[in-house]
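I have placed the structure first, in the form of C-alpha cells, so that the comments after it can refer back to it.
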Amino acid sequence: MKQIRVLVLTDHSGHSRENSIYALISEMVAHESCQELYVASRGNAKNKNFFSGLNDCILQAMRVEGTFMFDASGDQFISETHTVHVREFDFIFLRLPRPVSDEFLHFIKKIDGEKVIINDPTGIMTCSTKEFLLNFPDLCPPMRLCHTVEDVSTFLPGQSIVLKPLREYGGKGLVKITGDTLDDGDQLHDTRSYLEENKSTLAEGYLAMKYLKNVTEGDKRIIVVGGEIMACSLRLPPPDSWVCNVARGGTSVSTSATPEEESIIKHINPLLQKHGIFIYGADTLVNDEGKRVLSEINTLSIGGFPQAQKQTGQPIIKITINKIFDHIHNACKKK
C-alpha cells in the first residue's frame with residue numbers, strides 16, 4: 001500500500017482546544033498509510049506569499065509525530081518548523097477558516113492538477129457560494145438570486161424573507177425583511193431606504209430565501225464524509241432571535257438525521273462529489289409544513305468532529321480518517 005506524504009494547511013491564530021484539526025491530525029498521523037505529516041499555518045508570517053497565492057511553493061511547516069496537541073502560544077507553528085515544498089506531498093488537507101480567496105484556491109489547484117486535495121479547491125469555489133443551492137430548488141425553501149432592489153421587491157410580496165450574502169459565512173450579513181421593516185440583527189430599518197443605501201453591496205449578489213416561521217426549532221448541521229452522514233447537531237437561536245448560529249449566541253446539541261434529511265444528502269451528494277467535495281456540512285431548517293429542508297451547504301474546514309464523537313460515543317474521527325485514506329488510494333489508482 002502506497003505511503004502518503006500529507007500536508008495540512010491551516011491558520012493557528014484562530015484555533016482553540018475545541019478545534020477539530022488536533023483530533024483529526026492525531027488520528028491521521030497514526031494511520032498505517034501515513035508516511036509523514038506536516039502542518040503549515042497561514043498565521044506564520046513567513047508563509048504570507050504562499051497563502052496570498054503569490055506563486056511561492058515554499059512553506060515553513062511543522063512535522064507532526066504522535067499526538068498533535070493544542071498550544072495556546074502557537075509557538076509550534078512558528079519556531080518548530082522546517083522548509084518544505086508543496087510539490088513534495090501526495091495529499092493536501094485544507095483546514096483553513098474563512099476568509100479564503102478564490103485567488104488562493106486557484107493557486108493551490110494549479111500547483112499540481114494531479115495532487116489529491118480535500119476538498120478540491122475548484123469545488124470549494126463552486127459549491128461554497130449560496131448560489132449553489134439553486135441547483136436544488138425542490139429541497140430548499142422558496143428562493144431567488146438577487147442583485148438589485150427590484151429583484152428583492154419582486155420576491156418579497158406576501159412573505160417575510162431572509163437575504164444571505166453569497167460568500168459570507170457564520171451568519172454574517174444576514175438580514176430579515178417583513179414588508180417595510182428590515183432587521184439586520186442589531187436594529188430595524190426602513191426596507192426600501194436600507195436597500196437603496198446598500199445598492200453596491202446588493203449588486204455583489206444575495207440569495208433571497210423565504211423566512212420560515214419554524215426557525216426557532218433550530219438549524220441542524222449534518223456532517224457528511226464520503227457521502228455518509230457522520231453526525232448531526234441542532235443549533236438553536238438565543239432568546240428573542242431568529243439567527244441559529246453559535247457564533248451569534250446560539251446553542252448546539254447532538255441529534256440525528258431524519259429520513260427526509262437522509263434523502264436530501266442522497267440527492268445532493270452526487271453533484272458535490274462530482275465537484276470534488278468529500279467533506280461537507282449541510283444545514284436544514286423546518287419549513288412551514290413541518291418538514292426539514294436544505295438551507296445551506298458548507299464545504300470549507302467543517303468542524304465539530306471531537307464534539308460529535310464525544311456526544312455519540314462512536315469512533316467518528318477514526319472512521320473519517322479511514323475514509324480519507326481510502327479516497328486518496330482510490331484517487332492514486334486512477335492516475
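Residue numbering restarts at 1 for every chain of the C-alpha cells, chains are lettered A, B, ... in their displayed order, and ligands are numbered from 1 as they appear.
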Exercise: Val286 in chain A partners within 10 Å, only C-alpha atoms, chain neighbours under 4 positions left out, as a list of chain:residue names: A:Pro141, A:Leu212, A:Lys213, A:Asn214, A:Val215, A:Thr216, A:Glu217, A:Gly218, A:Asp219, A:Lys220, A:Gly290, A:Lys291, A:Arg292, A:Val293, A:Leu294, A:Ser295
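Comparing the minimum interatomic distances between Phe51 in chain A and each of A:Arg5, A:His106, A:His31, A:Lys130, counting only C-alpha atoms, we find that A:His106 sits nearest.
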9 Å contact set for range 8-22 of chain A, only C-alpha atoms, chain neighbours under 6 positions out, as number ranges by chain: A: 37-44, 61, 67-72, 74, 77, 91-97, 301-307
Point-to-point distance from CA of Gly313 in chain A to CA of Ile222 in chain A, Å rounded to tenths: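 Answer for the CA of Gly313 in chain A to CA of Ile222 in chain A separation: 16.9 Å.
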Expected answer as a PyMOL selection string: alpha helix (DSSP H) residues in range 137-201 of chain A: chain A and resi 149-155+191-197+199-201
Neighbour list for Asn322 in chain A as an MDAnalysis selection string, cut-off 12 Å, only C-alpha atoms, skip fewer than 5 positions in-chain: chainID A and resid 24 27:34 225:226 315:317 327:329
Selected residues written out with N, CA and C atoms, as a CSV table (one decimal), in the first residue's frame:
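Writing the result to selection-v6.csv gives the following:
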```csv
chain,number,residue,atom,x,y,z
A,24,LEU,N,-8.2,15.3,14.4
A,24,LEU,CA,-8.2,14.7,13.1
A,24,LEU,C,-6.7,14.4,12.7
A,27,GLU,N,-5.2,11.4,14.6
A,27,GLU,CA,-5.6,10.1,14.1
A,27,GLU,C,-4.9,9.9,12.7
A,28,MET,N,-4.8,10.9,11.9
A,28,MET,CA,-4.2,10.8,10.6
A,28,MET,C,-2.7,10.4,10.6
A,29,VAL,N,-2.0,11.0,11.5
A,29,VAL,CA,-0.5,10.7,11.6
A,29,VAL,C,-0.3,9.3,12.1
A,30,ALA,N,-1.3,8.7,12.9
A,30,ALA,CA,-1.1,7.3,13.4
A,30,ALA,C,-1.6,6.3,12.4
A,31,HIS,N,-2.2,6.7,11.3
A,31,HIS,CA,-2.7,5.8,10.3
A,31,HIS,C,-1.6,5.0,9.6
A,32,GLU,N,-1.8,3.8,9.3
A,32,GLU,CA,-0.8,3.0,8.6
A,32,GLU,C,-0.3,3.5,7.3
A,33,SER,N,-1.2,4.3,6.6
A,33,SER,CA,-0.9,4.8,5.3
A,33,SER,C,-0.1,6.1,5.3
A,34,CYS,N,0.0,6.7,6.5
A,34,CYS,CA,0.7,8.0,6.6
A,34,CYS,C,2.2,7.8,6.7
A,225,VAL,N,-19.2,12.8,5.3
A,225,VAL,CA,-17.8,12.4,4.8
A,225,VAL,C,-18.0,11.3,3.8
A,226,GLY,N,-17.5,11.5,2.6
A,226,GLY,CA,-17.5,10.4,1.6
A,226,GLY,C,-18.9,10.0,1.3
A,315,PRO,N,-16.7,6.1,17.1
A,315,PRO,CA,-15.4,6.5,16.7
A,315,PRO,C,-15.4,7.3,15.4
A,316,ILE,N,-16.0,8.4,15.4
A,316,ILE,CA,-16.3,9.2,14.2
A,316,ILE,C,-15.0,9.7,13.6
A,317,ILE,N,-14.0,10.1,14.4
A,317,ILE,CA,-12.7,10.6,13.9
A,317,ILE,C,-12.0,9.5,13.1
A,327,HIS,N,-10.0,7.2,0.1
A,327,HIS,CA,-10.2,8.1,-1.0
A,327,HIS,C,-8.9,8.5,-1.7
A,328,ILE,N,-7.9,8.7,-0.9
A,328,ILE,CA,-6.6,9.0,-1.5
A,328,ILE,C,-6.1,7.9,-2.3
A,329,HIS,N,-6.1,6.7,-1.8
A,329,HIS,CA,-5.6,5.5,-2.5
A,329,HIS,C,-6.4,5.3,-3.8
```
